[in-house]
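Trainee: What follows is work.tsv, TSV, C-alpha atoms.
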```tsv
chain	number	residue	atom	x	y	z
A	1	MET	CA	-88.17	83.44	62.86
A	2	SER	CA	-84.90	83.30	64.80
A	3	ASP	CA	-83.11	86.28	66.25
A	4	LEU	CA	-80.56	87.98	64.03
A	5	PRO	CA	-76.89	88.65	64.68
A	6	GLY	CA	-75.94	92.24	65.23
A	7	ALA	CA	-74.85	94.79	67.76
A	8	ARG	CA	-76.71	94.74	71.07
A	9	THR	CA	-77.53	97.67	73.29
A	10	ALA	CA	-77.19	97.52	77.09
A	11	GLN	CA	-80.97	97.82	77.39
A	12	PRO	CA	-83.61	96.56	74.94
A	13	VAL	CA	-84.51	98.99	72.17
A	14	ARG	CA	-87.84	100.55	73.13
A	15	VAL	CA	-90.21	100.75	70.16
A	16	LEU	CA	-93.41	102.71	69.56
A	17	LEU	CA	-95.60	101.26	66.81
A	18	ALA	CA	-98.17	103.53	65.14
A	19	ASP	CA	-100.57	102.22	62.47
A	20	ASP	CA	-104.34	102.51	62.15
A	21	GLU	CA	-104.59	98.89	60.94
A	22	GLU	CA	-104.74	96.46	63.86
A	23	MET	CA	-103.54	93.52	61.78
A	24	ILE	CA	-100.41	95.41	60.73
A	25	ARG	CA	-99.60	96.31	64.33
A	26	HIS	CA	-100.18	92.71	65.38
A	27	GLY	CA	-97.91	91.36	62.66
A	28	VAL	CA	-95.09	93.80	63.36
A	29	ARG	CA	-95.36	93.15	67.09
A	30	LEU	CA	-95.04	89.40	66.55
A	31	ILE	CA	-91.96	89.87	64.37
A	32	LEU	CA	-90.22	92.14	66.85
A	33	ARG	CA	-90.93	89.75	69.72
A	34	HIS	CA	-88.45	87.36	68.13
A	35	ALA	CA	-85.65	89.84	68.83
A	36	GLU	CA	-84.56	89.65	72.48
A	37	ASP	CA	-83.06	93.14	72.33
A	38	ILE	CA	-86.27	94.87	71.13
A	39	ASP	CA	-89.40	95.70	73.16
A	40	VAL	CA	-92.61	97.18	71.77
A	41	VAL	CA	-93.54	99.45	74.68
A	42	ALA	CA	-96.40	101.45	73.12
A	43	GLU	CA	-98.90	101.25	70.25
A	44	ALA	CA	-100.92	104.01	68.62
A	45	THR	CA	-103.71	104.08	66.05
A	46	ASN	CA	-102.97	107.57	64.69
A	47	GLY	CA	-100.20	110.16	64.61
A	48	ALA	CA	-101.59	112.33	67.41
A	49	GLU	CA	-101.81	109.34	69.74
A	50	ALA	CA	-98.26	108.36	68.79
A	51	VAL	CA	-96.91	111.76	69.78
A	52	GLU	CA	-98.86	111.71	73.05
A	53	LEU	CA	-97.59	108.23	73.94
A	54	ALA	CA	-93.99	109.06	73.05
A	55	ALA	CA	-94.14	112.14	75.26
A	56	ARG	CA	-95.29	109.98	78.22
A	57	THR	CA	-93.21	106.88	77.53
A	58	PRO	CA	-89.76	107.66	76.10
A	59	VAL	CA	-88.93	105.40	73.17
A	60	ASP	CA	-85.79	104.80	71.15
A	61	VAL	CA	-87.43	104.05	67.80
A	62	ALA	CA	-90.87	104.97	66.47
A	63	LEU	CA	-92.24	102.86	63.60
A	64	ILE	CA	-94.82	105.15	62.01
A	65	ASP	CA	-97.24	104.58	59.13
A	66	ILE	CA	-97.63	107.47	56.69
A	67	ARG	CA	-101.37	107.29	56.03
A	68	MET	CA	-103.20	107.61	59.37
A	69	PRO	CA	-106.27	109.52	60.62
A	70	VAL	CA	-106.23	112.58	62.90
A	71	LEU	CA	-102.52	113.26	62.25
A	72	ASP	CA	-100.62	111.51	59.48
A	73	GLY	CA	-97.16	110.07	59.85
A	74	LEU	CA	-95.35	112.91	58.11
A	75	ALA	CA	-96.89	115.50	60.44
A	76	ALA	CA	-96.23	113.24	63.43
A	77	ILE	CA	-92.51	113.12	62.62
A	78	GLU	CA	-92.20	116.88	63.01
A	79	GLN	CA	-93.60	116.65	66.55
A	80	LEU	CA	-91.77	113.47	67.53
A	81	ILE	CA	-88.33	114.87	66.72
A	82	ARG	CA	-89.00	117.81	69.05
A	83	LEU	CA	-89.43	115.50	72.06
A	84	ASP	CA	-86.75	115.06	74.69
A	85	PRO	CA	-85.46	112.42	74.42
A	86	GLU	CA	-85.99	112.38	70.67
A	87	PRO	CA	-86.88	109.01	69.14
A	88	GLN	CA	-85.46	107.81	65.86
A	89	VAL	CA	-88.37	107.61	63.41
A	90	VAL	CA	-88.68	104.90	60.77
A	91	MET	CA	-91.56	105.18	58.33
A	92	LEU	CA	-93.38	101.89	57.75
A	93	THR	CA	-95.76	102.02	54.81
A	94	THR	CA	-97.03	100.47	51.60
A	95	PHE	CA	-96.39	103.70	49.73
A	96	GLY	CA	-92.86	103.51	48.35
A	97	ASP	CA	-93.01	106.36	45.87
A	98	GLU	CA	-90.22	108.90	45.65
A	99	GLU	CA	-92.35	111.79	46.91
A	100	ASN	CA	-93.18	110.09	50.21
A	101	VAL	CA	-89.58	108.95	50.67
A	102	THR	CA	-88.29	112.48	50.12
A	103	ARG	CA	-90.92	114.09	52.34
A	104	ALA	CA	-90.31	111.59	55.15
A	105	LEU	CA	-86.55	112.06	55.09
A	106	GLN	CA	-86.87	115.85	54.87
A	107	ALA	CA	-89.24	115.82	57.84
A	108	GLY	CA	-86.58	114.09	59.93
A	109	ALA	CA	-87.20	110.37	59.50
A	110	SER	CA	-84.20	108.12	60.13
A	111	GLY	CA	-85.39	105.49	57.70
A	112	PHE	CA	-88.08	104.19	55.41
A	113	LEU	CA	-89.41	100.63	55.17
A	114	LEU	CA	-92.12	99.04	53.08
A	115	LYS	CA	-94.68	96.81	54.79
A	116	ASP	CA	-93.81	93.98	52.45
A	117	ASP	CA	-90.15	93.99	53.50
A	118	GLY	CA	-89.21	90.80	55.30
A	119	PRO	CA	-88.93	90.22	59.06
A	120	GLN	CA	-85.13	90.36	58.90
A	121	GLU	CA	-85.21	93.79	57.26
A	122	LEU	CA	-87.62	95.06	59.93
A	123	ILE	CA	-85.54	93.86	62.87
A	124	SER	CA	-82.30	95.07	61.29
A	125	ALA	CA	-83.88	98.47	60.61
A	126	VAL	CA	-84.96	98.91	64.22
A	127	ARG	CA	-81.50	98.00	65.47
A	128	ALA	CA	-79.82	100.25	62.93
A	129	ALA	CA	-82.07	103.21	63.72
A	130	ALA	CA	-81.43	102.78	67.45
A	131	ALA	CA	-77.70	102.87	66.69
A	132	GLY	CA	-78.12	106.15	64.80
A	133	ASP	CA	-77.82	104.62	61.34
A	134	ALA	CA	-80.05	105.83	58.50
A	135	VAL	CA	-82.09	103.03	56.97
A	136	LEU	CA	-83.74	102.75	53.58
A	137	SER	CA	-85.63	99.70	52.45
A	138	PRO	CA	-83.82	97.96	49.59
A	139	GLY	CA	-87.02	98.33	47.58
A	140	VAL	CA	-87.23	102.03	48.37
A	141	THR	CA	-83.57	102.66	47.57
A	142	GLY	CA	-83.89	100.90	44.24
A	143	HIS	CA	-87.04	102.87	43.44
A	144	VAL	CA	-85.47	106.23	44.32
A	145	VAL	CA	-82.31	105.45	42.36
A	146	LYS	CA	-84.35	104.34	39.34
A	147	ARG	CA	-86.43	107.52	39.40
A	148	MET	CA	-83.30	109.66	39.73
A	149	LEU	CA	-81.64	107.89	36.81
A	150	GLN	CA	-84.77	108.27	34.68
A	151	GLY	CA	-85.00	111.92	35.67
A	152	GLY	CA	-81.61	112.76	34.23
A	153	GLY	CA	-79.36	111.75	37.11
A	154	GLY	CA	-77.21	109.87	34.62
A	155	GLY	CA	-77.19	106.19	33.80
A	156	ARG	CA	-74.55	103.75	32.71
A	157	ALA	CA	-73.80	106.07	29.81
A	158	GLY	CA	-72.32	108.48	32.33
A	159	ALA	CA	-70.21	105.82	33.98
A	160	GLY	CA	-66.94	107.42	32.89
A	161	GLY	CA	-67.35	110.25	35.39
A	162	ALA	CA	-68.61	107.83	38.03
A	163	ASP	CA	-65.58	105.59	37.54
A	164	GLU	CA	-63.28	108.57	38.07
A	165	ARG	CA	-65.01	109.34	41.38
A	166	LEU	CA	-64.47	105.74	42.47
A	167	ALA	CA	-60.77	105.72	41.56
A	168	ALA	CA	-59.63	106.57	45.09
A	169	LEU	CA	-61.68	103.81	46.73
A	170	THR	CA	-60.07	100.66	48.07
A	171	ASP	CA	-61.38	97.26	47.01
A	172	ARG	CA	-63.24	96.92	50.33
A	173	GLU	CA	-64.78	100.37	49.96
A	174	ARG	CA	-66.00	99.37	46.50
A	175	GLU	CA	-67.61	96.29	48.05
A	176	VAL	CA	-69.36	98.45	50.63
A	177	LEU	CA	-70.46	100.94	47.97
A	178	ALA	CA	-72.01	98.13	45.93
A	179	MET	CA	-73.98	97.06	49.00
A	180	LEU	CA	-75.15	100.63	49.54
A	181	GLY	CA	-76.42	100.40	45.98
A	182	GLU	CA	-78.46	97.38	47.07
A	183	GLY	CA	-79.96	99.42	49.90
A	184	LEU	CA	-78.34	97.42	52.70
A	185	SER	CA	-78.04	98.91	56.19
A	186	ASN	CA	-74.73	99.12	58.03
A	187	LEU	CA	-75.74	96.14	60.15
A	188	ASP	CA	-76.50	94.06	57.05
A	189	ILE	CA	-73.24	95.09	55.41
A	190	GLY	CA	-71.30	94.16	58.52
A	191	SER	CA	-73.02	90.79	58.69
A	192	ARG	CA	-72.34	90.02	55.03
A	193	LEU	CA	-68.68	91.06	55.20
A	194	GLU	CA	-68.20	89.74	58.75
A	195	ILE	CA	-66.84	93.06	60.04
A	196	GLY	CA	-67.88	95.25	62.95
A	197	LEU	CA	-70.45	98.04	62.81
A	198	GLY	CA	-67.80	100.66	63.61
A	199	THR	CA	-65.69	99.45	60.68
A	200	VAL	CA	-68.68	99.66	58.34
A	201	LYS	CA	-69.41	103.22	59.46
A	202	THR	CA	-65.78	104.14	58.84
A	203	HIS	CA	-65.95	102.70	55.33
A	204	VAL	CA	-69.21	104.52	54.57
A	205	GLY	CA	-67.80	107.81	55.84
A	206	ARG	CA	-64.70	107.42	53.68
A	207	ILE	CA	-66.81	106.52	50.65
A	208	LEU	CA	-68.93	109.65	51.03
A	209	ASP	CA	-65.81	111.78	51.53
A	210	LYS	CA	-63.81	110.32	48.63
A	211	THR	CA	-66.69	110.35	46.15
A	212	GLY	CA	-68.13	113.72	47.17
A	213	THR	CA	-71.56	112.24	47.85
A	214	GLN	CA	-73.74	113.71	50.59
A	215	SER	CA	-75.93	110.77	51.55
A	216	ARG	CA	-76.39	107.02	51.27
A	217	VAL	CA	-78.93	107.51	48.48
A	218	GLN	CA	-76.45	109.59	46.48
A	219	ALA	CA	-73.82	106.91	47.07
A	220	ALA	CA	-76.31	104.25	45.93
A	221	LEU	CA	-76.96	106.25	42.76
A	222	LEU	CA	-73.21	106.46	42.12
A	223	ALA	CA	-72.92	102.70	42.56
A	224	HIS	CA	-75.56	102.17	39.87
A	225	GLN	CA	-73.95	104.73	37.55
A	226	ALA	CA	-70.60	102.90	37.87
A	227	GLY	CA	-72.21	99.51	37.30
A	228	LEU	CA	-71.40	98.21	40.80
A	229	ALA	CA	-75.05	97.55	41.62
A	230	GLY	CA	-77.63	95.93	39.38
```
Show me this structure written as structure tokens.
Mentor:
Amino acid sequence: MSDLPGARTAQPVRVLLADDEEMIRHGVRLILRHAEDIDVVAEATNGAEAVELAARTPVDVALIDIRMPVLDGLAAIEQLIRLDPEPQVVMLTTFGDEENVTRALQAGASGFLLKDDGPQELISAVRAAAAGDAVLSPGVTGHVVKRMLQGGGGGRAGAGGADERLAALTDREREVLAMLGEGLSNLDIGSRLEIGLGTVKTHVGRILDKTGTQSRVQAALLAHQAGLAG
């Protein structure tokens, strides 16, 4: 796979990979090697080892599985975010249910990816996390939004109120909101619209402010309620 366009850091993004399955670590490592601005500097087979390695070898992004022996990924997050320097933590798992998403984000994770997401999503997520951008897998975002809608968060029937909240948005901000509804990261949005990362962040900030939403997931839900995202 070829390298992807996107913002580059002065130094390669240092990545810690933690998963008890050797084949998963091998596959992720091979994918990340295709990105010249990303280096896998440490690998762990459980959460405790991940914390120990991150304490010895500072990393920018930690890709952590949820289900691991000794110390699971959710418990590892709580220790990783207390390190100095603190790595950005992206959960990498096959378990995309709402409970794990919520628990991971509440524990301090910067993002959540499924193991069946494509190589492009993985590389983009690492870059986005290193840049301080929250990342949710498109599959995870769709799942969370669907569960919230089914749980009474309001569907298309409540679109009248959603449309009113979108009234102050510019056409470009509506475009960006629709892409948030798809679960795209800032880097992916910038690539699709051919605009800079800083401009995307400005649009996202204005969207959250104008619509009164508190997070990207809430904005994604609003996009679905208003019929901007399928």
Trainee: Tell me which of A:Val13, A:Arg67, A:Val176, A:Val204 sits closest to A:Arg192, counting all atoms listed in the file.
Mentor: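 Closest to A:Arg192, using all atoms listed in the file: A:Val176.
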Trainee: Go ahead and compute the interatomic distance for atom CA of A:Lys201 and atom CA of A:Ala220, in Å to one decimal.
Mentor: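 Computing it gives 15.2 Å between the two atoms.
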Trainee: Which neighbours of A:Asp84 fall inside 9 Å, counting all atoms listed in the file, when residues of the same chain fewer than 3 positions from it are skipped, and could you give them as a PDB file with C-alpha atoms, in the coordinates of the input?
Mentor:
```
ATOM      1  CA  ALA A  55     -94.140 112.140  75.260  1.00  0.00           C
ATOM      2  CA  PRO A  58     -89.760 107.660  76.100  1.00  0.00           C
ATOM      3  CA  LEU A  80     -91.770 113.470  67.530  1.00  0.00           C
ATOM      4  CA  ILE A  81     -88.330 114.870  66.720  1.00  0.00           C
ATOM      5  CA  PRO A  87     -86.880 109.010  69.140  1.00  0.00           C
TER       6      PRO A  87
END
```
Trainee: Report the distance between atom CA of A:Glu52 and atom CA of A:Leu16 in Å, rounded to one decimal place.
Mentor: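 So the two atoms, atom CA of A:Glu52 and atom CA of A:Leu16, lie 11.1 Å apart.
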Trainee: Restricting the calculation to all atoms listed in the file: of A:Ala76, A:Leu92, A:Leu166, A:Ala129, which residue gets closest to A:Glu49?
Mentor: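 Ranking A:Ala76, A:Leu92, A:Leu166, A:Ala129 by distance to A:Glu49, first place goes to A:Ala76.
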Trainee: Could you tell me how far atom CA of A:Asn186 lies from atom CA of A:His34, in Å and to one decimal?
Mentor: 20.7 Å
Trainee: Do you know which residues are at most 10 Å from A:Gln106 counting all atoms listed in the file, after dropping those on the same chain fewer than 6 positions away, and could you put them as number ranges by chain?
Mentor: A: 74, 77-78, 100
Trainee: For A:Ile31, which residue among A:Gln225, A:Thr93, A:Gln120, A:Ser185 is the nearest when counting all atoms listed in the file?
Mentor: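 Of all the options, A:Gln120 lies closest to A:Ile31.
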Trainee: Within 12 Å of stretch 194-197 of chain A, counting only C-alpha atoms, which residues show up once you throw out same-chain ones fewer than 3 positions away? Write them as number ranges by chain, please.
Mentor: A: 5-8, 127-128, 131-133, 172, 176, 185-191, 200-204
Trainee: Could you check which of A:Val89, A:Ala35, A:Leu30, A:Leu105 is closest to A:Val51, using all atoms listed in the file?
Mentor: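 Of A:Val89, A:Ala35, A:Leu30, A:Leu105, the one nearest A:Val51 is A:Val89, counting all atoms listed in the file.
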